[in-house]
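Raw protein_17.cif, mmCIF, C-alpha atoms and all ligand atoms:
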data_my_file
loop_
_atom_site.label_atom_id
_atom_site.label_comp_id
_atom_site.auth_asym_id
_atom_site.auth_seq_id
_atom_site.Cartn_x
_atom_site.Cartn_y
_atom_site.Cartn_z
CA MET H 259 -25.70 26.21 1.75
CA GLU H 260 -22.43 28.08 1.33
CA LYS H 261 -19.71 26.01 -0.30
CA THR H 262 -16.35 25.61 1.44
CA LYS H 263 -13.56 27.46 -0.36
CA VAL H 264 -11.31 25.17 -2.38
CA ASN H 265 -7.76 26.19 -3.19
CA ILE H 266 -6.65 24.43 -6.36
CA ILE H 267 -2.91 24.75 -7.09
CA ASP H 268 -1.75 25.01 -10.70
CA GLY H 269 1.23 22.75 -11.44
CA LEU H 270 2.79 20.62 -8.71
CA SER H 271 5.98 18.55 -8.66
CA LEU H 272 5.11 14.95 -7.71
CA ALA H 273 8.67 13.72 -7.08
CA GLU H 274 8.42 14.73 -3.39
CA ARG H 275 4.89 13.33 -3.11
CA HIS H 276 5.63 9.67 -3.81
CA THR H 277 8.35 7.61 -2.15
CA PHE H 278 9.73 6.21 -5.44
CA ALA H 279 10.50 9.85 -6.32
CA LEU H 280 10.19 9.75 -10.11
CA ALA H 281 10.32 13.17 -11.74
CA ALA H 282 6.72 14.04 -12.72
CA ARG H 283 4.27 16.93 -12.39
CA SER H 284 0.52 17.25 -12.17
CA SER H 285 -1.39 20.03 -13.89
CA HIS H 286 -3.47 20.71 -10.75
CA ALA H 287 -3.49 19.73 -7.09
CA LEU H 288 -5.63 20.06 -4.01
CA MET H 289 -4.39 19.52 -0.46
CA LEU H 290 -7.52 18.13 1.22
CA GLU H 291 -7.40 19.18 4.87
CA ASP H 292 -11.14 19.57 5.42
CA GLU H 293 -13.63 16.98 4.18
CA GLN H 294 -16.23 19.73 3.73
CA GLN H 295 -14.27 20.70 0.60
CA LEU H 296 -15.41 17.51 -1.10
CA PRO H 297 -18.95 18.57 -2.09
CA SER H 298 -17.42 21.69 -3.68
CA ILE H 299 -15.18 19.74 -6.03
CA SER H 300 -17.72 17.07 -6.85
CA PRO H 301 -18.37 16.75 -9.71
CA PRO H 302 -14.89 18.03 -10.56
CA SER H 303 -14.96 21.45 -12.19
CA ASP H 304 -14.40 22.29 -15.86
CA ARG H 305 -11.04 23.70 -14.91
CA ILE H 306 -9.58 20.20 -14.65
CA GLN H 307 -11.77 18.64 -17.34
CA GLY H 308 -13.19 16.40 -14.65
CA LYS H 309 -10.02 14.35 -14.19
CA TYR H 310 -8.65 13.58 -10.77
CA TRP H 311 -6.45 11.12 -8.90
CA LEU H 312 -6.48 10.40 -5.15
CA LEU H 313 -3.21 10.29 -3.22
CA GLY H 314 -2.22 9.50 0.36
CA GLU H 315 1.45 9.64 1.36
CA GLY H 316 2.51 8.17 -1.99
CA SER H 317 4.25 5.08 -0.60
CA ASN H 318 2.41 2.67 -2.91
CA THR H 319 2.01 4.90 -5.95
CA LEU H 320 4.42 5.64 -8.78
CA PHE H 321 3.91 8.60 -11.10
CA LEU H 322 5.42 7.47 -14.39
CA GLU H 323 4.89 10.72 -16.31
CA ASP H 324 3.38 14.19 -16.12
CA ILE H 325 -0.31 14.03 -15.32
CA ASP H 326 -3.05 16.26 -16.67
CA ALA H 327 -5.48 15.94 -13.75
CA LEU H 328 -6.27 17.19 -10.28
CA ILE H 329 -4.20 15.31 -7.70
CA ILE H 330 -6.17 15.26 -4.45
CA GLN H 331 -3.77 14.59 -1.60
CA VAL H 332 -5.72 13.45 1.46
CA LEU H 333 -4.40 15.23 4.56
CA LEU H 334 -7.44 14.79 6.85
CA LYS H 335 -6.37 14.48 10.49
CA GLY H 336 -7.90 13.24 13.74
CA LYS H 337 -8.22 10.04 15.74
CA GLY H 338 -10.06 8.88 18.82
CA VAL H 339 -11.93 6.25 20.77
CA ILE H 340 -15.51 5.63 19.62
CA LYS H 341 -16.61 3.16 22.28
CA GLU H 342 -15.52 0.05 24.15
CA ASP H 343 -17.03 -2.97 25.81
CA GLN H 344 -15.50 -5.73 27.89
CA ASP H 345 -13.70 -7.36 24.97
CA PHE H 346 -13.16 -4.74 22.27
CA ILE H 347 -12.30 -1.12 21.70
CA TRP H 348 -13.43 0.77 18.58
CA LEU H 349 -11.02 3.42 17.31
CA ARG H 350 -11.42 5.88 14.48
CA ALA H 351 -8.72 7.56 12.45
CA ALA H 352 -8.96 10.09 9.65
CA ALA H 353 -7.51 9.00 6.33
CA GLY H 354 -4.58 11.42 6.43
CA GLU H 355 -3.21 10.17 9.77
CA HIS H 356 0.22 8.56 9.42
CA TRP H 357 -0.29 4.79 9.67
CA ASP H 358 2.47 4.06 12.15
CA ASP H 359 1.39 6.90 14.49
CA PHE H 360 -2.02 5.26 14.55
CA VAL H 361 -0.55 1.82 15.32
CA SER H 362 1.35 3.35 18.24
CA TYR H 363 -1.82 5.16 19.42
CA SER H 364 -3.88 1.94 19.23
CA LEU H 365 -1.48 0.21 21.63
CA THR H 366 -1.56 3.10 24.09
CA GLN H 367 -5.37 2.86 24.07
CA GLY H 368 -5.20 -0.86 24.91
CA GLY H 369 -6.39 -2.05 21.50
CA PHE H 370 -4.24 -4.89 20.15
CA GLY H 371 -3.60 -6.64 16.85
CA LEU H 372 -2.03 -3.92 14.72
CA GLU H 373 1.45 -4.34 16.27
CA ASN H 374 2.64 -6.62 13.42
CA LEU H 375 1.78 -3.83 10.98
CA SER H 376 4.15 -1.37 12.69
CA TRP H 377 6.42 0.88 10.64
CA ILE H 378 4.59 0.33 7.36
CA PRO H 379 4.89 3.60 5.46
CA GLY H 380 1.76 5.43 4.34
CA SER H 381 -1.50 6.79 5.67
CA VAL H 382 -4.50 5.25 7.45
CA GLY H 383 -6.71 5.87 4.39
CA ALA H 384 -4.37 3.91 2.12
CA ALA H 385 -4.19 0.89 4.44
CA PRO H 386 -7.47 -0.74 3.32
CA ILE H 387 -6.89 -0.01 -0.37
CA GLN H 388 -4.13 -2.60 -0.78
CA ASN H 389 -5.04 -4.40 2.45
CA ILE H 390 -1.60 -3.83 3.96
CA GLY H 391 -0.05 -6.87 5.53
CA ALA H 392 3.11 -7.99 7.27
CA TYR H 393 4.39 -10.79 9.51
CA GLY H 394 1.26 -12.91 9.33
CA VAL H 395 -1.35 -10.15 9.75
CA GLU H 396 -3.50 -8.28 7.21
CA VAL H 397 -5.30 -5.08 8.19
CA GLU H 398 -8.71 -6.36 7.03
CA ALA H 399 -8.86 -8.46 10.22
CA TYR H 400 -9.29 -5.30 12.31
CA ILE H 401 -11.36 -3.02 10.06
CA GLU H 402 -15.03 -2.58 10.86
CA VAL H 403 -16.24 0.17 8.57
CA ILE H 404 -14.78 2.66 6.09
CA LYS H 405 -16.25 6.14 5.67
CA CYS H 406 -15.98 7.67 2.21
CA TRP H 407 -17.08 10.42 -0.11
CA ASP H 408 -18.75 8.88 -3.17
CA PHE H 409 -17.78 10.86 -6.29
CA PHE H 410 -20.46 9.05 -8.33
CA ARG H 411 -23.44 9.83 -6.12
CA HIS H 412 -22.03 12.98 -4.45
CA GLN H 413 -22.74 11.76 -0.94
CA TRP H 414 -21.08 10.36 2.19
CA VAL H 415 -21.21 6.59 2.58
CA SER H 416 -20.13 4.03 5.18
CA ILE H 417 -18.88 0.80 3.65
CA ALA H 418 -18.84 -2.36 5.76
CA LYS H 419 -15.74 -4.51 5.70
CA SER H 420 -17.74 -7.38 4.20
CA ASP H 421 -18.42 -5.32 1.06
CA CYS H 422 -14.76 -4.49 0.37
CA ASP H 423 -13.73 -7.91 -1.01
CA PHE H 424 -10.37 -7.86 0.74
CA SER H 425 -7.71 -10.28 -0.43
CA TYR H 426 -3.90 -10.45 -0.57
CA ARG H 427 -2.79 -6.84 -1.27
CA ASN H 428 -6.14 -6.07 -2.87
CA SER H 429 -9.66 -4.75 -2.28
CA ASN H 430 -12.49 -3.26 -4.33
CA PHE H 431 -10.95 0.17 -3.66
CA LYS H 432 -7.88 -0.90 -5.65
CA SER H 433 -9.83 -2.71 -8.39
CA CYS H 434 -13.44 -2.12 -9.47
CA TRP H 435 -14.07 0.97 -7.28
CA ARG H 436 -10.87 2.79 -8.22
CA GLY H 437 -11.52 6.53 -8.29
CA ARG H 438 -15.08 6.27 -7.03
CA TYR H 439 -14.61 6.63 -3.29
CA LEU H 440 -12.36 8.95 -1.35
CA ILE H 441 -11.74 7.31 2.04
CA THR H 442 -12.13 9.92 4.77
CA GLU H 443 -12.01 7.74 7.91
CA VAL H 444 -11.45 4.15 8.96
CA VAL H 445 -13.04 2.53 12.02
CA PHE H 446 -11.14 -0.33 13.67
CA LYS H 447 -12.43 -2.92 16.13
CA LEU H 448 -9.52 -4.13 18.26
CA PRO H 449 -9.46 -6.83 20.94
CA LYS H 450 -8.51 -5.65 24.44
CA VAL H 451 -6.86 -8.96 25.29
CA PRO H 452 -3.56 -9.37 23.42
CA ASN H 453 -3.10 -12.43 21.23
CA VAL H 454 0.36 -11.89 19.80
CA ASN H 455 1.26 -13.43 16.46
CA THR H 456 4.95 -14.33 16.32
CA SER H 457 4.60 -17.01 13.66
CA TYR H 458 6.86 -15.20 11.18
CA PRO H 459 10.41 -16.55 11.61
CA ASP H 460 12.10 -13.09 11.39
CA ILE H 461 9.95 -11.77 14.24
CA ASP H 462 10.30 -14.88 16.38
CA ARG H 463 14.12 -14.61 16.06
CA ALA H 464 14.10 -10.90 16.97
CA LEU H 465 12.08 -11.45 20.15
CA GLU H 466 14.05 -12.18 23.27
CA ALA H 467 11.15 -12.80 25.66
CA SER H 468 9.24 -16.08 25.63
CA LEU H 469 5.92 -14.37 26.44
CA PRO H 470 6.17 -11.14 24.44
CA THR H 471 3.73 -8.27 24.86
CA PRO H 472 2.26 -6.48 21.81
CA GLU H 473 4.64 -3.59 22.54
CA MET H 474 7.60 -5.99 22.35
CA VAL H 475 6.29 -7.36 19.05
CA ARG H 476 6.05 -3.80 17.75
CA GLU H 477 9.69 -3.15 18.73
CA ALA H 478 10.78 -6.42 17.06
CA VAL H 479 8.88 -5.58 13.87
CA ILE H 480 10.41 -2.11 13.75
CA SER H 481 13.92 -3.46 14.22
CA VAL H 482 13.45 -6.14 11.51
CA ARG H 483 11.97 -3.63 9.05
CA LYS H 484 14.73 -1.08 9.71
CA LYS H 485 17.41 -3.71 9.06
CA LYS H 486 15.86 -5.18 5.92
CA LEU H 487 14.00 -2.39 4.16
CA PRO H 488 15.50 0.81 2.73
CA ASP H 489 14.35 4.16 4.12
CA PRO H 490 12.66 5.92 1.17
CA LYS H 491 14.16 9.23 2.34
CA GLN H 492 17.63 7.82 1.73
CA LEU H 493 16.88 5.43 -1.15
CA PRO H 494 13.53 5.99 -2.85
CA ASN H 495 11.39 2.84 -3.11
CA ALA H 496 7.78 1.67 -2.85
CA GLY H 497 8.24 -1.40 -0.63
CA SER H 498 7.75 -4.82 -2.21
CA PHE H 499 7.49 -4.19 -5.91
CA PHE H 500 5.90 -7.51 -6.90
CA LYS H 501 3.31 -9.69 -5.21
CA ASN H 502 4.41 -13.13 -4.10
CA PRO H 503 2.91 -15.53 -6.70
CA ILE H 504 0.34 -17.98 -5.34
CA LEU H 505 0.54 -21.57 -6.61
CA SER H 506 -1.23 -24.82 -5.90
CA GLN H 507 0.72 -27.13 -3.64
CA SER H 508 1.26 -29.54 -6.54
CA ASP H 509 2.64 -26.83 -8.88
CA PHE H 510 4.92 -25.67 -6.09
CA ASN H 511 6.15 -29.23 -5.48
CA ARG H 512 6.93 -29.58 -9.18
CA LEU H 513 9.07 -26.39 -9.14
CA LYS H 514 10.65 -27.30 -5.83
CA SER H 515 11.85 -30.63 -7.23
CA LYS H 516 13.89 -28.65 -9.77
CA PHE H 517 14.83 -25.65 -7.57
CA THR H 518 15.32 -27.36 -4.24
CA ASP H 519 16.04 -24.17 -2.22
CA MET H 520 12.93 -22.34 -3.43
CA VAL H 521 11.10 -20.65 -0.53
CA GLY H 522 7.32 -20.87 -0.19
CA PHE H 523 4.82 -20.39 2.63
CA LYS H 524 1.73 -22.56 2.91
CA ILE H 525 -1.54 -20.61 2.88
CA PRO H 526 -5.12 -21.81 3.30
CA GLY H 527 -6.72 -23.67 0.40
CA ASP H 528 -3.81 -26.06 -0.23
CA GLN H 529 -1.83 -23.22 -1.81
CA VAL H 530 1.68 -21.86 -1.48
CA LYS H 531 2.86 -18.24 -1.60
CA VAL H 532 6.22 -18.31 -3.35
CA ALA H 533 8.81 -15.81 -2.05
CA ALA H 534 9.30 -13.60 -5.12
CA GLY H 535 12.39 -12.17 -3.38
CA TRP H 536 13.95 -15.63 -3.56
CA LEU H 537 13.16 -15.91 -7.29
CA LEU H 538 14.84 -12.55 -7.93
CA GLU H 539 17.86 -13.37 -5.80
CA TYR H 540 18.25 -16.71 -7.59
CA LEU H 541 18.29 -14.85 -10.91
CA GLY H 542 21.00 -12.48 -9.70
CA PHE H 543 18.84 -9.38 -9.24
CA LYS H 544 19.69 -8.80 -5.57
CA GLY H 545 21.85 -5.66 -5.58
CA HIS H 546 21.60 -5.52 -9.38
CA ARG H 547 21.51 -2.10 -10.97
CA ASP H 548 20.60 -0.85 -14.40
CA GLY H 549 21.26 2.88 -14.59
CA GLN H 550 19.01 4.65 -12.12
CA PHE H 551 16.96 1.61 -11.11
CA GLY H 552 17.86 -1.56 -9.28
CA CYS H 553 16.89 -4.22 -6.73
CA TYR H 554 17.85 -3.52 -3.12
CA CYS H 555 21.01 -5.23 -1.90
CA LYS H 556 19.36 -6.68 1.25
CA GLN H 557 15.93 -7.58 -0.19
CA ALA H 558 15.65 -8.26 -3.92
CA LEU H 559 11.86 -7.71 -4.02
CA ILE H 560 12.31 -3.99 -3.35
CA LEU H 561 13.00 -1.96 -6.47
CA VAL H 562 14.94 1.20 -5.72
CA ASN H 563 15.49 4.50 -7.49
CA HIS H 564 19.17 5.45 -7.08
CA LEU H 565 18.40 8.91 -8.50
CA ASP H 566 22.01 9.16 -9.74
CA GLY H 567 22.08 6.96 -12.80
CA GLY H 568 23.67 9.62 -14.98
CA SER H 569 20.90 11.02 -17.13
CA VAL H 570 17.50 11.22 -15.43
CA SER H 571 15.58 8.05 -16.23
CA SER H 572 11.91 8.10 -17.01
CA GLY H 573 8.88 6.04 -16.14
CA GLN H 574 9.38 4.42 -19.53
CA ASP H 575 12.90 3.27 -18.51
CA LEU H 576 11.38 1.81 -15.36
CA ARG H 577 8.86 -0.13 -17.44
CA VAL H 578 11.76 -1.59 -19.43
CA TYR H 579 13.52 -2.66 -16.22
CA ILE H 580 10.31 -4.26 -14.90
CA ARG H 581 9.88 -6.13 -18.18
CA THR H 582 13.48 -7.45 -17.96
CA ILE H 583 12.74 -8.84 -14.48
CA CYS H 584 9.36 -10.34 -15.41
CA ASP H 585 10.74 -11.93 -18.60
CA SER H 586 13.58 -13.49 -16.67
CA VAL H 587 11.24 -14.94 -14.01
CA ARG H 588 8.89 -16.30 -16.69
CA ALA H 589 11.74 -17.86 -18.70
CA THR H 590 13.27 -19.69 -15.72
CA PHE H 591 10.28 -20.54 -13.51
CA GLY H 592 7.28 -20.19 -15.83
CA LEU H 593 5.71 -17.76 -13.29
CA GLU H 594 4.08 -14.38 -13.92
CA LEU H 595 4.99 -11.58 -11.54
CA GLU H 596 2.38 -8.97 -10.76
CA VAL H 597 3.43 -5.41 -9.89
CA GLU H 598 2.14 -4.48 -6.42
CA PRO H 599 2.19 -0.64 -6.25
CA VAL H 600 -0.09 1.38 -8.50
CA MET H 601 1.71 2.73 -11.58
CA VAL H 602 0.02 5.96 -12.63
CA ASP H 603 0.17 7.36 -16.13
CA GLN H 604 -2.24 9.53 -18.10
CA GLN H 605 -3.86 6.54 -19.74
CA LEU H 606 -4.79 5.03 -16.37
CA ILE H 607 -6.33 8.30 -15.21
CA ASP H 608 -8.26 8.76 -18.47
CA ARG H 609 -9.66 5.25 -18.14
CA LEU H 610 -11.10 5.72 -14.63
CA PRO H 611 -14.87 5.23 -14.95
CA LEU H 612 -15.81 8.69 -13.72
CA ASN H 613 -13.04 10.42 -15.68
CA SER H 614 -14.06 8.73 -18.89
CA VAL H 615 -17.70 9.82 -18.68
CA LEU H 616 -17.06 13.48 -17.87
N1 LIG H 701 14.08 -13.91 0.12
C1 LIG H 701 15.26 -14.19 -0.52
N2 LIG H 701 15.97 -13.17 -1.06
C2 LIG H 701 15.54 -11.88 -1.00
C3 LIG H 701 14.33 -11.59 -0.36
C4 LIG H 701 13.61 -12.61 0.20
O1 LIG H 701 15.68 -15.33 -0.60
O2 LIG H 701 16.24 -11.00 -1.54
C5 LIG H 701 13.31 -15.04 0.72
C6 LIG H 701 13.80 -15.38 2.13
O3 LIG H 701 13.74 -16.77 2.26
C7 LIG H 701 12.77 -14.75 3.02
C8 LIG H 701 11.52 -14.87 2.17
O4 LIG H 701 11.97 -14.66 0.83
O5 LIG H 701 12.65 -15.46 4.21
C9 LIG H 701 10.46 -13.84 2.50
O6 LIG H 701 11.07 -12.55 2.49
P1 LIG H 701 10.53 -11.39 3.46
O7 LIG H 701 10.38 -11.92 4.83
O8 LIG H 701 11.40 -10.20 3.30
O9 LIG H 701 9.08 -11.15 2.93
P2 LIG H 701 8.49 -10.96 1.46
O10 LIG H 701 7.64 -12.12 1.14
O11 LIG H 701 9.55 -10.58 0.49
C10 LIG H 701 6.26 -9.87 2.27
C11 LIG H 701 5.50 -8.61 2.01
C12 LIG H 701 6.14 -7.45 2.75
C13 LIG H 701 6.12 -7.75 4.24
C14 LIG H 701 6.90 -9.06 4.47
C15 LIG H 701 6.82 -9.50 5.90
C16 LIG H 701 4.51 -8.88 -0.18
C17 LIG H 701 4.50 -8.46 -1.62
N3 LIG H 701 5.45 -8.34 0.59
O12 LIG H 701 7.55 -9.68 1.70
O13 LIG H 701 5.36 -6.28 2.53
O14 LIG H 701 6.70 -6.70 4.99
O15 LIG H 701 6.34 -10.12 3.67
O16 LIG H 701 5.55 -9.97 6.17
O17 LIG H 701 3.67 -9.68 0.22
C18 LIG H 701 5.12 -4.44 1.07
O18 LIG H 701 4.05 -4.92 0.74
O19 LIG H 701 5.54 -3.37 0.57
C19 LIG H 701 5.95 -5.15 2.02
C20 LIG H 701 7.18 -4.75 2.36
#

In C-alpha cells, how does this file's structure come out?
Amino acid sequence: MEKTKVNIIDGLSLAERHTFALAARSSHALMLEDEQQLPSISPPSDRIQGKYWLLGEGSNTLFLEDIDALIIQVLLKGKGVIKEDQDFIWLRAAAGEHWDDFVSYSLTQGGFGLENLSWIPGSVGAAPIQNIGAYGVEVEAYIEVIKCWDFFRHQWVSIAKSDCDFSYRNSNFKSCWRGRYLITEVVFKLPKVPNVNTSYPDIDRALEASLPTPEMVREAVISVRKKKLPDPKQLPNAGSFFKNPILSQSDFNRLKSKFTDMVGFKIPGDQVKVAAGWLLEYLGFKGHRDGQFGCYCKQALILVNHLDGGSVSSGQDLRVYIRTICDSVRATFGLELEVEPVMVDQQLIDRLPLNSVL
C-alpha cells in the first residue's frame, strides 16, 4: 500500500503554539491534517531519533525549553451525528475540532450536557486527556468511546470510557498511557432531554431565568468565564495552574478552625476540594508579579505570562516562581499543590516509554 506523504518541518517556534507563550523551539514538527499520515510516521523515523510529542491547541501545555523531538500538532477536522434514539444522540468530533465550536454544535443538534463546559480553550482531542471540567460537570460523563492511533502496536484502536480511568483533571492518557495513543476522534453520548446543572454559585447568580435552558446556561458560563479568566491572546496563561487539593472532611475542619474564611466544596467520599485560589489570595499572590510571571489579578489560581518583564524569562525562572508559591502554601497550610498543565522539557520527552526504547 502506498504511504501517505508526510511533510516534516525542520525547526518550529512553539511560543505561538501554546497559550502560555514561553519562548521555545522544537527541532521538528508535523501538522497532522490527515490521519492516514499516522502509519507513515509510526514508528517515528531515524530523522527525529524516534522522539515525538503530541500537541492540540496548546492550552494545557507549557514548553519550558527547546525540544529535540517531532511535535505532532493534531489538526484533524470533522464532526457529525452518528445515530440517535428516543433518549440520546451520539455525536462524533475529530480531535482537532475546537472544543467550544463542538459544544455549540452539540446544542444545535439537540444533545445536552456539555453547556457547562462552554468556552473552555483547547481542542476536542485534548478534552479527555485532563478530563476537562467546569461548573459542576466533567467531560467524562458524556464520553462513550475514544478512537486513537496506537504508536506501540501501530494500529487503530477504540478505547471505551470505562478503560480510561477518568478522575479529577486526570485520565490514563495523561498518566500511564502518555505518548502511546494519539486521539483522532471522540464519540459523545448526549441526552436529548435537558437536565441543566446550575449548582455552581457563579452560574446560578448569572442566570436571570428561573427555568433556564441549556442555551441560557451556555451564555451564563461564557459571561462568567469572560469576566473572571484572562484571554490568552491578551495575557498568556494556561487556565488554572494548580489543582484544588482534596482533603478529608476532618483535615479540612482542622484547617478551617484556624483559617475561618477558607473555601472548600464537599465532594463524594466525605472529602473536600479546597479552593487553591483562596489559598493563594490569602497569601497575597492575587495580582502578585515577579518579573515576567505572576498570578492574575481577578483569579489567583491562574498564572500569567506578562511577556514584558524586562529580560526574557525562561522556563527555569517559571519553575522558581512555582516553587515560591508551593513553598508558601506548604509553610502556611501544610498542603501540597500539584501543577495542573503539562510542563514539557527534554527530560520528560526522553522519559516517555516509547521514546526511551527507540
Ligand atoms: N477564590 C478566591 N480567590 C481567588 C480565586 C478563587 O478566594 O483568587 C475562591 C472563591 O471563593 C471562589 C472559589 O475560590 O468561589 C472557587 O474559584 P473558581 O470558581 O474561580 O474556581 P476554581 O476552583 O479556582 C475550578 C477549575 C476551573 C473551572 C472552575 C469553575 C480547577 C483546577 N479549576 O477553578 O477550571 O473553570 O473551577 O468550575 O479545578 C482550568 O482547569 O483551567 C479551569 C479554569

Site check for ligand LIG 701 (chain H): residues at most 9 Å away, only C-alpha atoms and all ligand atoms, as a PyMOL selection string:
chain H and resi 317-318+374-375+378-379+388+390-395+426-427+458-460+483+486-487+496-503+519-523+531-540+543-545+553-560+597-599

* To do: Compile the contact shell of Leu576 (chain H) as a list of chain:residue names: residues with an atom at most 9 Å away, counting all atoms listed in the file, same-chain residues fewer than 6 positions apart removed.
  => H:Leu322, H:Gln550, H:Phe551

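The smallest atom-to-atom distance between Pro488 (chain H) and any of H:Tyr579, H:Ser429, H:Val562, H:Phe510, using all atoms listed in the file, is found for H:Val562.
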
Residue with smallest distance to Leu493 (chain H) - pool H:Gly383, H:Gly354, H:Gly552, H:Gly369, counting only C-alpha atoms
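Among H:Gly383, H:Gly354, H:Gly552, H:Gly369, it is H:Gly552 that comes nearest to Leu493 (chain H).
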
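We find CA of Ile267 (chain H) and CA of Arg283 (chain H) to be spaced 11.9 Å apart.
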
Min atom-atom distance to Val602 (chain H) from the set H:His276, H:His564, H:His412, H:Arg547, counting only C-alpha atoms, belongs to H:His276

Considering all atoms listed in the file, tabulate each residue of region 350-373 of chain H that lies at most 8 Å from region 445-450 of chain H along with its nearest interatomic pair and the corresponding distance in Å to one decimal; arrange the rows by chain and ascending residue number and present them as JSON lines.
{"residue": "H:Arg350", "atom": "CA", "partner": "H:Val445", "partner_atom": "CA", "distance": 4.5}
{"residue": "H:Ala351", "atom": "CA", "partner": "H:Val445", "partner_atom": "CA", "distance": 6.6}
{"residue": "H:Gly368", "atom": "CA", "partner": "H:Lys450", "partner_atom": "CA", "distance": 5.8}
{"residue": "H:Gly369", "atom": "CA", "partner": "H:Leu448", "partner_atom": "CA", "distance": 5.0}
{"residue": "H:Phe370", "atom": "CA", "partner": "H:Pro449", "partner_atom": "CA", "distance": 5.6}
{"residue": "H:Gly371", "atom": "CA", "partner": "H:Leu448", "partner_atom": "CA", "distance": 6.6}

- [ ] Starting from the point (-4.7, 13.0, -7.5), work out which residues of protein, DNA or RNA have an atom no more than 8 Å away when counting all atoms listed in the file; state them as an NGL selection string.
- [x] :H and (287-288 or 310-313 or 327-331)

- So which residues touch Lys405 (chain H) within 12 Å, counting all atoms listed in the file, skipping near sequence neighbours fewer than 3 positions away, as an NGL selection string? :H and (293 or 350-353 or 382-383 or 386 or 401-402 or 408 or 413-419 or 422 or 439-446)

Interatomic distance (Å, one decimal) between CA of His356 (chain H) and CA of Glu274 (chain H):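 If I compute the distance from CA of His356 (chain H) to CA of Glu274 (chain H), I get 16.4 Å.
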
With the input short on atoms, add all heavy atoms back to region 557-562 of chain H and write it as a tab-separated table (two decimals), keeping the file's coordinate frame.
chain	number	residue	atom	x	y	z
H	557	GLN	N	17.26	-6.99	0.04
H	557	GLN	CA	15.93	-7.58	-0.19
H	557	GLN	C	15.59	-7.36	-1.67
H	557	GLN	O	15.23	-6.26	-2.07
H	557	GLN	CB	14.89	-6.88	0.70
H	557	GLN	CG	13.86	-7.77	1.37
H	557	GLN	CD	12.89	-8.45	0.40
H	557	GLN	OE1	13.03	-8.39	-0.82
H	557	GLN	NE2	11.90	-9.12	0.94
H	558	ALA	N	15.74	-8.42	-2.46
H	558	ALA	CA	15.65	-8.26	-3.92
H	558	ALA	C	14.27	-7.81	-4.39
H	558	ALA	O	14.14	-7.26	-5.48
H	558	ALA	CB	16.02	-9.58	-4.58
H	559	LEU	N	13.23	-8.03	-3.58
H	559	LEU	CA	11.86	-7.71	-4.02
H	559	LEU	C	11.59	-6.20	-4.00
H	559	LEU	O	10.55	-5.74	-4.47
H	559	LEU	CB	10.85	-8.45	-3.12
H	559	LEU	CG	9.42	-8.55	-3.60
H	559	LEU	CD1	9.34	-9.15	-5.00
H	559	LEU	CD2	8.58	-9.39	-2.64
H	560	ILE	N	12.51	-5.44	-3.44
H	560	ILE	CA	12.31	-3.99	-3.35
H	560	ILE	C	13.06	-3.30	-4.48
H	560	ILE	O	14.30	-3.30	-4.49
H	560	ILE	CB	12.81	-3.47	-1.98
H	560	ILE	CG1	12.19	-4.34	-0.91
H	560	ILE	CG2	12.55	-1.98	-1.85
H	560	ILE	CD1	11.56	-3.73	0.21
H	561	LEU	N	12.34	-2.76	-5.43
H	561	LEU	CA	13.00	-1.96	-6.47
H	561	LEU	C	13.33	-0.60	-5.90
H	561	LEU	O	12.54	-0.03	-5.13
H	561	LEU	CB	12.08	-1.82	-7.70
H	561	LEU	CG	12.38	-2.83	-8.82
H	561	LEU	CD1	12.20	-4.24	-8.32
H	561	LEU	CD2	11.53	-2.58	-10.04
H	562	VAL	N	14.50	-0.09	-6.28
H	562	VAL	CA	14.94	1.20	-5.72
H	562	VAL	C	15.28	2.16	-6.86
H	562	VAL	O	15.64	1.73	-7.96
H	562	VAL	CB	16.15	1.03	-4.76
H	562	VAL	CG1	15.73	0.30	-3.49
H	562	VAL	CG2	17.30	0.29	-5.43
